[in-house]
Every structure is written in structure tokens, then in C-alpha cells.
Amino acid sequence: METRGLTKRYGRRITAVDNLDLAVRRGEVYGFLGPNGAGKTTTLRMLLGLIRPSSGRARVLGERPGAPDGLARIGALVESPAFYPYLSGKDNLRVMARYADVPWWRVDEALMEVELQGRAKDKFRKYSLGMKQRLGVAAALLKDPELLILDEPTNGLDPKGMADMRALIRELGSGERTVLLSSHLLGEVEQICDRVGVVRKGRLVAEGTVAELRGREGLLVRAEPLEEASYIAARLEGVEEATVVDGTLRLVADPERSAEINAKLVSAGIRVSELRPAEQSLEEVFLELTGRETV
Amino acid sequence: MPPEVRAQEEAFAEQQLNALLPESLLSNLFGSGVFGIGGAIALIFGALAAGSEYGWGTLKSVLSQRPGRLGVLLGKLAALGLFLLLFVLLALSAAALGSFAVARLEEAAVDWPSVGELFRGFGAGALILLVWGSLGFALAVLFRGTALAIGLGLAYALAVENILATLPIEGDTFERIRKATLGENTLGLSNSFGSPFPEGFGVPEPLVEPERAVLVLSAYAVGFVLLAALLLWRRDVT
Ligand SMILES: Nc1ncnc2c1ncn2[C@@H]1O[C@H](COP(=O)(O)OP(=O)(O)OP(=O)(O)O)[C@@H](O)[C@H]1O
Ligand SMILES: [Mg+2]
């Protein structure tokens with residue numbers, strides 16, 4: 001799955017997706033991370049051919065988005081699950097199976113996979129939020145798809161449901177299958193995904209494994225003069241790397257050595273005003289990547 | 001009672017009875033306004049067929065399964081069409097059964113209209129319902145829902161059409177507009193089966209000849225379907 005310069009504008013003011021280049025490799029579990037309104041759902045809709053890009057293009061499983069040959073190999077749950085309220089969960093899946101052109105026995109298998117078989121005969125309108133969500137995932141699984149697109153699949157699930165869903169997604173993504181999962185929870189993505197792309201205001205602002213996004217263990221140093229500090233620190237024992245970023249010195253080093261490093265810098269005539277572990281919480285990483293302002 | 005009046009009344013009663021016999025099956029059915037009301041019902045069903053998918057948000061679920069947009073549209077239209085054809089068949093059968101019962105009770109002769117006439121009746125009824133049904137369908141796609149589509153559709157069918165038909169305006173342009181309306185063409189086609197009412201009680205002559213009505217109504221139906229197809233094909237599904 002690949003996009004080039006994918007853009008979607010709504011009217012003049014809103015650019016929901018802005019020149020997005022995204023590449024998901026076959027077989028990986030890719031996390032699409034971003035805050036509310038970042039353009040995740042809009043992107044997924046474009047990949048399914050539900051909405052037309054304003055510009056740019058996308059290929060999904062080698063097909064144009066929305067082409068029946070491609071859709072036949074994609075399972076998707078976009079935003080809230082929508083089904084016929086007066087039909088049972090099972091009948092809804094039967095209808096979808098008919099549309100998807102898959103054999104009827106896939107319905108029972110899919111229900112089993114999301115553990116909904118106990119309530120399969122109840123009307124969709126009587127389902128709880130979590131049960132609706134599960135049915136949505138079941139519908140995405142009907143085709144036993146090569147590519148699974150899930151938009152915030154743990155939305156509305158209870159803690160056990162979330163844990164189950166994450167385990168299910170991990171399992172689904174363990175084989176050949178490619179999974180593209182959107183979320184605004186870095187913790188969730190970290191548990192499930194091989195790689196993460198972070199979007200903010202429709203743009204891809206970071207991409208990599210969660211560990212890469214978190215950054216390696218290190219120290220953050222404010223010191224004067226900075227260039228000299230960097231030169232000295234880079235030669236200290238136990239410091240793997242020293243770089244100057246935004247007027248601070250970042251060291252890739254074991255935080256336990258901070259006192260020792262501090263002492264050596266000071267004895268070399270450097271004035272150190274701050275030295276602390278650069279380890280960030282997931283929240284901090286997320287906020288830093290996606291910005292603190294709200295939509 | 002003077003004998004002339006009595007004779008008139010008897011003639012009237014006989015005409016009324018004749019109108020209920022199998023031979024006037026079609027004029028009775030089309031004159032009774034079943035297809036006027038049927039048109040409104042077809043409009044509602046058309047709007048429901050397309051609009052509910054928007055209301056429940058199920059269009060995206062359906063479209064992301066596999067079928068192309070035009071496939072979904074054709075499937076829905078086929079289902080709607082089949083349903084409306086059944087409706088016509090049902091109306092015809094019910095009318096036939098009723099007239100047969102009347103004939104038996106009155107011990108009158110059972111003379112059915114010719115097979116060709118019956119087919120023409122079925123076709124005319126089907127065309128009328130399909131036009132109104134496709135209007136409802138197109139409106140529902142246009143407004144992405146049932147409520148507005150049904151509201152506006154019925155307001156047009158019941159209010160606008162009536163006002164147009166009864167406005168005391170004469171003149172070529174206005175007559176041309178009238179001749180182009182759905183209602184006037186529906187009437188033109190319905191009334192081609194004769195009036196169930198005795199001479200003098202009949203509704204005014206329709207403006208449109210049946211042949212022309214068939215053409216105009218078919219054009220409308222095709223137009224509505226094309227409009228729905230274009231909208232569904234072009235627009236974003238959110
Ligand atoms: N149909 C629409 N018309 C106008 N603007 C829209 C439409 N759909 C989405 N937007 C705008 O596009 C932007 C991105 O929305 P989108 O739903 O893709 O965000 P998201 O990343 O899925 O957010 P969330 O985490 O809340 O689901 C938002 O600013 C939203 O208001
Ligand atoms: Mg979203």
C-alpha cells in the first residue's frame with residue numbers, strides 16, 4: 001500500500017490530508033497514529049475509494065483504491081461500525097458476505113474470531129457499543145483479507161475487550177497479512193505495531209518503530225559553551241553519541257552515569273546548567289510529535 | 001317521480017354497475033386513483049430504498065465489502081422495480097377478483113378486457129409507479145437521506161402539481177409547462193383506459209395523449225435513474 005502526495009481538501013479552509021506519502025509494506029502491522037482531526041479516517045476512506053482525493057494518488061494491493069479486485073482482498077472497519085439495525089448481527093454479516101462474494105460459512109468463523117457467537121442472533125440495534133465494534137471487526141474479517149484496515153478498533157471496548165482485540169490484531173497480523181491500524185493511543189500502537197507513522201494536521205511528521213520514535217536512552221544537557229561541551233562529551237567513556245539539538249546537547253548514554261559525566265564536564269571548565277535523563281513518557285513523545293494545540 | 005327522471009336514474013345505476021364489471025376492469029382501476037396514491041407510495045418506497053442506507057450509514061459498510069457503486073445502485077433499483085411490479089400485479093389481481101365477484105353476484109356476463117389491453121394496463125401501471133419510485137430514489141440520493149426526500153417529494157406530488165394544474169392561468173407557455181409535469185402525464189396515461197364515470201361526470205380531458213405520456217414518463221424515469229447514478233458515482237461517501 002502506497003500513497004504519493006495524497007491530499008484531501010474540504011472547501012478552502014480545511015485540508016484534512018496534506019500531501020501524504022505513506023508506504024506500508026506487505027506483511028507488516030503498521031500503526032497510523034494521530035490526534036483527533038489529524039486526518040486518519042479521511043486517509044483510510046481514500047484508500048478504500050469511499051472518498052476521492054483532491055490530488056495525489058494511491059495504490060492499494062496494486063490496485064486503484066475502490067477497485068472491486070482490490071476490495072475483494074481488503075477487510076475494513078472505518079470509523080463507527082454501521083449495520084442494518086433491524087437485522088441480527090449474524091444476518092448483517094450474511095448480507096455483507098453476499099456483497100463481498102464470500103461463502104456463508106465465513107460468517108460463523110468471523111463471529112467466532114471476535115467472540116460474538118453468543119449474541120449473534122440479537123438485533124444489531126440492541127448491541128452495546130463494544131459488541132457493535134466487534135461486529136464491525138468481524139465484517140472486516142469476512143474476506144480473510146490480505147490487507148486489514150482498522151480505524152480505532154478498540155474504540156468503546158472495555159479493558160478486557162481492548163486486551164482481547166489487541167491480541168486478536170497481533171495474531172491476525174502475525175502471518176502474511178498486512179494490517180493498517182489507526183489509533184490515537186501510542187501505548188496501543190506500541191503493543192501491536194511493527195512500524196508507526198505519526199500524522200498531524202494531515203501531514204506525516206514521523207515514521208519508524210515505536211522504539212525509534214521514543215528515542216534511545218540518553219541524557220539532555222544544557223551547558224556553556226555548547227560546542228566545546230559536545231566535543232568533550234563525545235570523547236567521554238560510556239557516551240556513544242553526542243549531538244546538538246535546539247540549543248541543548250543530547251547524549252546517547254546510560255543515565256546512571258550522569259553524575260560522572262557532569263563532574264567531567266565541569267572539571268573541563270564547562271558550565272553545566274541542567275543535566276537530566278532524556279527518557280520521555282509515551283505521552284510526551286506523542287504530544288511532542290503531534291503538537292499540544294487542540295483541534 | 002316523472003318517468004324521464006326514473007329512466008335517467010336507472011341508466012345511471014346500470015352504468016355504475018357496468019363500471020364494476022370485469023369488462024371495465026382497467027378504466028375502473030386507473031380511474032379510481034389507485035395509481036395516483038400508488039405513485040406517492042412508490043415515491044416513499046423509492047426514497048426508503050436509497051435513503052435508509054444513508055440514515056444508518058451502511059453505505060460505507062456495503063461499498064467497502066466489494067461491489068462497485070453502480071453495482072449497488074443497480075441492485076437497489078432492481079429490488080425496487082421488482083417490488084413495484086408486484087404492487088401493480090397485486091392491484092390488478094385485486095381489481096379483477098372484485099369485478100369477478102360483482103359479476104357473479106349480479107349474474108352478469110364475465111367479459112374480460114383483451115389480453116393486449118391487460119398487458120397495456122400492466123405496463124402503464126408499472127411505468128407510473130416506476131417513475132415516481134425513481135423520483136423518490138433520486139431525491140434520497142440527492143439529499144443523502146429519507147426524510148427530506150419524502151417531504152419534498154410528497155410536497156411536489158401533492159401540492160405543487162395540484163397548484164400547477166388548477167392555477168387559472170392560460171397561455172401557451174404555461175400549458176407547455178403543465179404538459180411536462182409528472183402529474184399531467186400520469187393522468188394522461190391513466191385516463192387512456194377510459195373513465196369509470198358516466199358521461200358528463202368525467203374528469204376534464206387530460207392535456208397529454210397517452211403515447212406522448214409514455215415517452216415523457218419514460219424519459220423522466222431514465223433521467224432520475226441517471227441522476228441518482230451520477231450522484232452516487234461522483235460523490236464522497238462519508
Ligand atoms: N465531510 C467532511 N467535510 C468537511 N470536513 C471534514 C469532513 N470529514 C472530515 N473533515 C475534517 O477533516 C479533518 C480530519 O478528519 P478525520 O476524520 O480524518 O480525523 P481523524 O484523524 O480520523 O480524527 P479522530 O481521531 O477524531 O477520528 C478534520 O478537521 C475534520 O473536521
Ligand atoms: Mg477518525
# chains A, B, ... in the order shown; residues from 1 in each chain; ligands from 1
$ residues_near_ligand --ligand "ligand 1" --cutoff "6 Å" --atoms "only C-alpha atoms and all ligand atoms" --output "MDAnalysis selection string"
chainID A and resid 10 16 35:42
$ residues_near_ligand --ligand "ligand 2" --cutoff "12 Å" --atoms "only C-alpha atoms and all ligand atoms" --output "PDB file with N, CA and C atoms, in the first residue's frame"
ATOM      1  N   ALA A  16      -7.749  18.265   5.161  1.00  0.00           N
ATOM      2  CA  ALA A  16      -7.802  17.144   6.098  1.00  0.00           C
ATOM      3  C   ALA A  16      -6.560  16.266   5.966  1.00  0.00           C
ATOM      4  N   PHE A  32      -1.083   3.840  12.468  1.00  0.00           N
ATOM      5  CA  PHE A  32      -1.297   5.161  11.903  1.00  0.00           C
ATOM      6  C   PHE A  32      -1.790   6.019  13.058  1.00  0.00           C
ATOM      7  N   LEU A  33      -0.890   6.842  13.555  1.00  0.00           N
ATOM      8  CA  LEU A  33      -1.127   7.476  14.838  1.00  0.00           C
ATOM      9  C   LEU A  33      -1.356   8.969  14.658  1.00  0.00           C
ATOM     10  N   GLY A  34      -2.298   9.499  15.402  1.00  0.00           N
ATOM     11  CA  GLY A  34      -2.517  10.941  15.305  1.00  0.00           C
ATOM     12  C   GLY A  34      -3.641  11.369  16.216  1.00  0.00           C
ATOM     13  N   PRO A  35      -3.664  12.640  16.589  1.00  0.00           N
ATOM     14  CA  PRO A  35      -4.720  13.119  17.470  1.00  0.00           C
ATOM     15  C   PRO A  35      -6.041  13.289  16.720  1.00  0.00           C
ATOM     16  N   ASN A  36      -7.084  13.668  17.425  1.00  0.00           N
ATOM     17  CA  ASN A  36      -8.381  13.888  16.794  1.00  0.00           C
ATOM     18  C   ASN A  36      -8.244  14.909  15.659  1.00  0.00           C
ATOM     19  N   GLY A  37      -8.861  14.580  14.546  1.00  0.00           N
ATOM     20  CA  GLY A  37      -8.877  15.533  13.440  1.00  0.00           C
ATOM     21  C   GLY A  37      -7.589  15.574  12.637  1.00  0.00           C
ATOM     22  N   ALA A  38      -6.692  14.613  12.880  1.00  0.00           N
ATOM     23  CA  ALA A  38      -5.403  14.633  12.180  1.00  0.00           C
ATOM     24  C   ALA A  38      -5.542  14.200  10.716  1.00  0.00           C
ATOM     25  N   GLY A  39      -6.641  13.522  10.411  1.00  0.00           N
ATOM     26  CA  GLY A  39      -6.844  13.087   9.028  1.00  0.00           C
ATOM     27  C   GLY A  39      -6.692  11.583   8.837  1.00  0.00           C
ATOM     28  N   LYS A  40      -6.710  10.842   9.940  1.00  0.00           N
ATOM     29  CA  LYS A  40      -6.546   9.387   9.838  1.00  0.00           C
ATOM     30  C   LYS A  40      -7.713   8.761   9.083  1.00  0.00           C
ATOM     31  N   THR A  41      -8.915   9.042   9.563  1.00  0.00           N
ATOM     32  CA  THR A  41     -10.091   8.451   8.939  1.00  0.00           C
ATOM     33  C   THR A  41     -10.199   8.876   7.479  1.00  0.00           C
ATOM     34  N   THR A  42      -9.935  10.139   7.213  1.00  0.00           N
ATOM     35  CA  THR A  42     -10.010  10.632   5.839  1.00  0.00           C
ATOM     36  C   THR A  42      -9.055   9.856   4.939  1.00  0.00           C
ATOM     37  N   THR A  43      -7.833   9.615   5.441  1.00  0.00           N
ATOM     38  CA  THR A  43      -6.865   8.846   4.652  1.00  0.00           C
ATOM     39  C   THR A  43      -7.381   7.432   4.383  1.00  0.00           C
ATOM     40  N   LEU A  44      -7.874   6.774   5.432  1.00  0.00           N
ATOM     41  CA  LEU A  44      -8.341   5.395   5.262  1.00  0.00           C
ATOM     42  C   LEU A  44      -9.504   5.354   4.273  1.00  0.00           C
ATOM     43  N   ARG A  45     -10.382   6.354   4.347  1.00  0.00           N
ATOM     44  CA  ARG A  45     -11.504   6.405   3.398  1.00  0.00           C
ATOM     45  C   ARG A  45     -11.004   6.516   1.970  1.00  0.00           C
ATOM     46  N   LEU A  77     -12.712  -1.664   8.617  1.00  0.00           N
ATOM     47  CA  LEU A  77     -13.674  -1.062   9.532  1.00  0.00           C
ATOM     48  C   LEU A  77     -13.273   0.398   9.654  1.00  0.00           C
ATOM     49  N   VAL A  78     -14.096   1.276   9.107  1.00  0.00           N
ATOM     50  CA  VAL A  78     -13.771   2.697   9.129  1.00  0.00           C
ATOM     51  C   VAL A  78     -14.743   3.438  10.024  1.00  0.00           C
ATOM     52  N   GLU A  79     -14.199   4.131  10.983  1.00  0.00           N
ATOM     53  CA  GLU A  79     -14.993   4.866  11.944  1.00  0.00           C
ATOM     54  C   GLU A  79     -15.999   3.921  12.621  1.00  0.00           C
ATOM     55  N   SER A  80     -17.148   4.445  13.049  1.00  0.00           N
ATOM     56  CA  SER A  80     -18.047   3.583  13.821  1.00  0.00           C
ATOM     57  C   SER A  80     -18.674   2.535  12.915  1.00  0.00           C
ATOM     58  N   LEU A 150      -8.108  -1.075   9.939  1.00  0.00           N
ATOM     59  CA  LEU A 150      -8.948  -0.894  11.119  1.00  0.00           C
ATOM     60  C   LEU A 150      -8.781   0.525  11.656  1.00  0.00           C
ATOM     61  N   ASP A 151      -9.881   1.230  11.765  1.00  0.00           N
ATOM     62  CA  ASP A 151      -9.862   2.605  12.245  1.00  0.00           C
ATOM     63  C   ASP A 151     -10.272   2.615  13.714  1.00  0.00           C
ATOM     64  N   GLU A 152      -9.317   2.835  14.583  1.00  0.00           N
ATOM     65  CA  GLU A 152      -9.554   2.848  16.030  1.00  0.00           C
ATOM     66  C   GLU A 152     -10.438   1.691  16.483  1.00  0.00           C
ATOM     67  N   PRO A 153      -9.929   0.468  16.288  1.00  0.00           N
ATOM     68  CA  PRO A 153     -10.772  -0.706  16.556  1.00  0.00           C
ATOM     69  C   PRO A 153     -11.075  -0.932  18.033  1.00  0.00           C
ATOM     70  N   ASN A 155     -12.002   1.342  20.076  1.00  0.00           N
ATOM     71  CA  ASN A 155     -12.966   2.342  20.499  1.00  0.00           C
ATOM     72  C   ASN A 155     -14.164   1.720  21.218  1.00  0.00           C
ATOM     73  N   LEU A 181      -3.527   0.071  11.014  1.00  0.00           N
ATOM     74  CA  LEU A 181      -4.351   0.317  12.184  1.00  0.00           C
ATOM     75  C   LEU A 181      -4.231   1.778  12.579  1.00  0.00           C
ATOM     76  N   SER A 182      -5.353   2.458  12.698  1.00  0.00           N
ATOM     77  CA  SER A 182      -5.243   3.846  13.149  1.00  0.00           C
ATOM     78  C   SER A 182      -5.579   3.909  14.631  1.00  0.00           C
ATOM     79  N   SER A 183      -4.967   4.857  15.286  1.00  0.00           N
ATOM     80  CA  SER A 183      -5.176   4.935  16.721  1.00  0.00           C
ATOM     81  C   SER A 183      -4.720   6.302  17.204  1.00  0.00           C
ATOM     82  N   HIS A 184      -5.224   6.732  18.366  1.00  0.00           N
ATOM     83  CA  HIS A 184      -4.590   7.896  18.960  1.00  0.00           C
ATOM     84  C   HIS A 184      -3.907   7.507  20.266  1.00  0.00           C
ATOM     85  N   VAL A 199       0.732  11.187  12.154  1.00  0.00           N
ATOM     86  CA  VAL A 199       0.195  12.295  11.364  1.00  0.00           C
ATOM     87  C   VAL A 199      -0.263  13.417  12.275  1.00  0.00           C
ATOM     88  N   GLY A 202      -2.869  16.374   9.011  1.00  0.00           N
ATOM     89  CA  GLY A 202      -2.840  15.826   7.665  1.00  0.00           C
ATOM     90  C   GLY A 202      -1.462  15.524   7.117  1.00  0.00           C
TER      91      GLY A 202
ATOM     92  N   THR B 238     -19.260   9.499   3.155  1.00  0.00           N
ATOM     93  CA  THR B 238     -18.670   9.742   4.487  1.00  0.00           C
ATOM     94  C   THR B 238     -19.592   9.236   5.580  1.00  0.00           C
TER      95      THR B 238
END
$ atom_distance --atom1 "atom CA of Ala101 of chain B" --atom2 "atom CA of Val115 of chain B"
19.9 Å
$ interface_residues --of "chain A" --to "chain B" --cutoff "10 Å" --atoms "only C-alpha atoms" --output "PyMOL selection string"
chain A and resi 41-42+45-46+48-53+66-85+95-102+136+139-140+142-143
$ closest_residue --among "A:Glu240, A:Glu274, A:Glu288, A:Glu113" --to "Glu224 of chain A" --atoms "only C-alpha atoms"
A:Glu274
$ residues_around --residues "segment 154-163 of chain B" --least-positions-apart "6" --cutoff "9 Å" --atoms "only C-alpha atoms" --output "PyMOL selection string"
chain B and resi 39-40+43-44+178+181-184
$ select_by_dssp --residues "segment 147-212 of chain B" --states "helix (DSSP H, G or I)" --output "ChimeraX atom specification"
/B:147-166,172-180,182-193,210-212
$ closest_residue --among "A:Leu275, A:Ala23, A:Leu249, A:Ile261" --to "Gly208 of chain A" --atoms "only C-alpha atoms"
A:Ala23
$ decode --residues "segment 128-145 of chain A" --atoms "N, CA and C atoms" --output "mmCIF file, in the first residue's frame"
data_model
loop_
_atom_site.group_PDB
_atom_site.id
_atom_site.type_symbol
_atom_site.label_atom_id
_atom_site.label_comp_id
_atom_site.auth_asym_id
_atom_site.auth_seq_id
_atom_site.Cartn_x
_atom_site.Cartn_y
_atom_site.Cartn_z
ATOM 1 N N SER A 128 -24.466 -3.530 22.521
ATOM 2 C CA SER A 128 -23.719 -2.481 23.213
ATOM 3 C C SER A 128 -22.639 -1.964 22.271
ATOM 4 N N LEU A 129 -22.056 -0.837 22.649
ATOM 5 C CA LEU A 129 -21.029 -0.218 21.801
ATOM 6 C C LEU A 129 -19.917 -1.207 21.450
ATOM 7 N N GLY A 130 -19.459 -1.913 22.488
ATOM 8 C CA GLY A 130 -18.365 -2.858 22.270
ATOM 9 C C GLY A 130 -18.759 -4.000 21.348
ATOM 10 N N MET A 131 -20.021 -4.445 21.481
ATOM 11 C CA MET A 131 -20.469 -5.536 20.618
ATOM 12 C C MET A 131 -20.577 -5.066 19.172
ATOM 13 N N LYS A 132 -21.037 -3.820 18.991
ATOM 14 C CA LYS A 132 -21.086 -3.270 17.630
ATOM 15 C C LYS A 132 -19.689 -3.224 17.031
ATOM 16 N N GLN A 133 -18.741 -2.802 17.863
ATOM 17 C CA GLN A 133 -17.358 -2.711 17.411
ATOM 18 C C GLN A 133 -16.838 -4.083 16.982
ATOM 19 N N ARG A 134 -17.166 -5.079 17.800
ATOM 20 C CA ARG A 134 -16.726 -6.440 17.453
ATOM 21 C C ARG A 134 -17.346 -6.907 16.152
ATOM 22 N N LEU A 135 -18.625 -6.582 15.980
ATOM 23 C CA LEU A 135 -19.278 -6.990 14.735
ATOM 24 C C LEU A 135 -18.611 -6.317 13.540
ATOM 25 N N GLY A 136 -18.224 -5.045 13.739
ATOM 26 C CA GLY A 136 -17.522 -4.333 12.668
ATOM 27 C C GLY A 136 -16.225 -5.031 12.297
ATOM 28 N N VAL A 137 -15.499 -5.485 13.319
ATOM 29 C CA VAL A 137 -14.248 -6.195 13.045
ATOM 30 C C VAL A 137 -14.548 -7.535 12.364
ATOM 31 N N ALA A 138 -15.615 -8.189 12.828
ATOM 32 C CA ALA A 138 -15.996 -9.463 12.196
ATOM 33 C C ALA A 138 -16.286 -9.258 10.714
ATOM 34 N N ALA A 139 -16.983 -8.165 10.391
ATOM 35 C CA ALA A 139 -17.298 -7.891 8.983
ATOM 36 C C ALA A 139 -16.019 -7.661 8.182
ATOM 37 N N ALA A 140 -15.024 -7.045 8.844
ATOM 38 C CA ALA A 140 -13.760 -6.811 8.146
ATOM 39 C C ALA A 140 -13.015 -8.120 7.914
ATOM 40 N N LEU A 141 -13.284 -9.114 8.759
ATOM 41 C CA LEU A 141 -12.565 -10.388 8.652
ATOM 42 C C LEU A 141 -13.198 -11.362 7.670
ATOM 43 N N LEU A 142 -14.450 -11.059 7.257
ATOM 44 C CA LEU A 142 -15.201 -11.997 6.418
ATOM 45 C C LEU A 142 -14.384 -12.512 5.232
ATOM 46 N N LYS A 143 -13.676 -11.613 4.591
ATOM 47 C CA LYS A 143 -12.991 -11.984 3.355
ATOM 48 C C LYS A 143 -11.668 -12.687 3.621
ATOM 49 N N ASP A 144 -11.308 -12.872 4.907
ATOM 50 C CA ASP A 144 -9.987 -13.370 5.249
ATOM 51 C C ASP A 144 -8.948 -12.555 4.484
ATOM 52 N N PRO A 145 -8.947 -11.245 4.721
ATOM 53 C CA PRO A 145 -8.293 -10.315 3.793
ATOM 54 C C PRO A 145 -6.772 -10.331 3.863
#
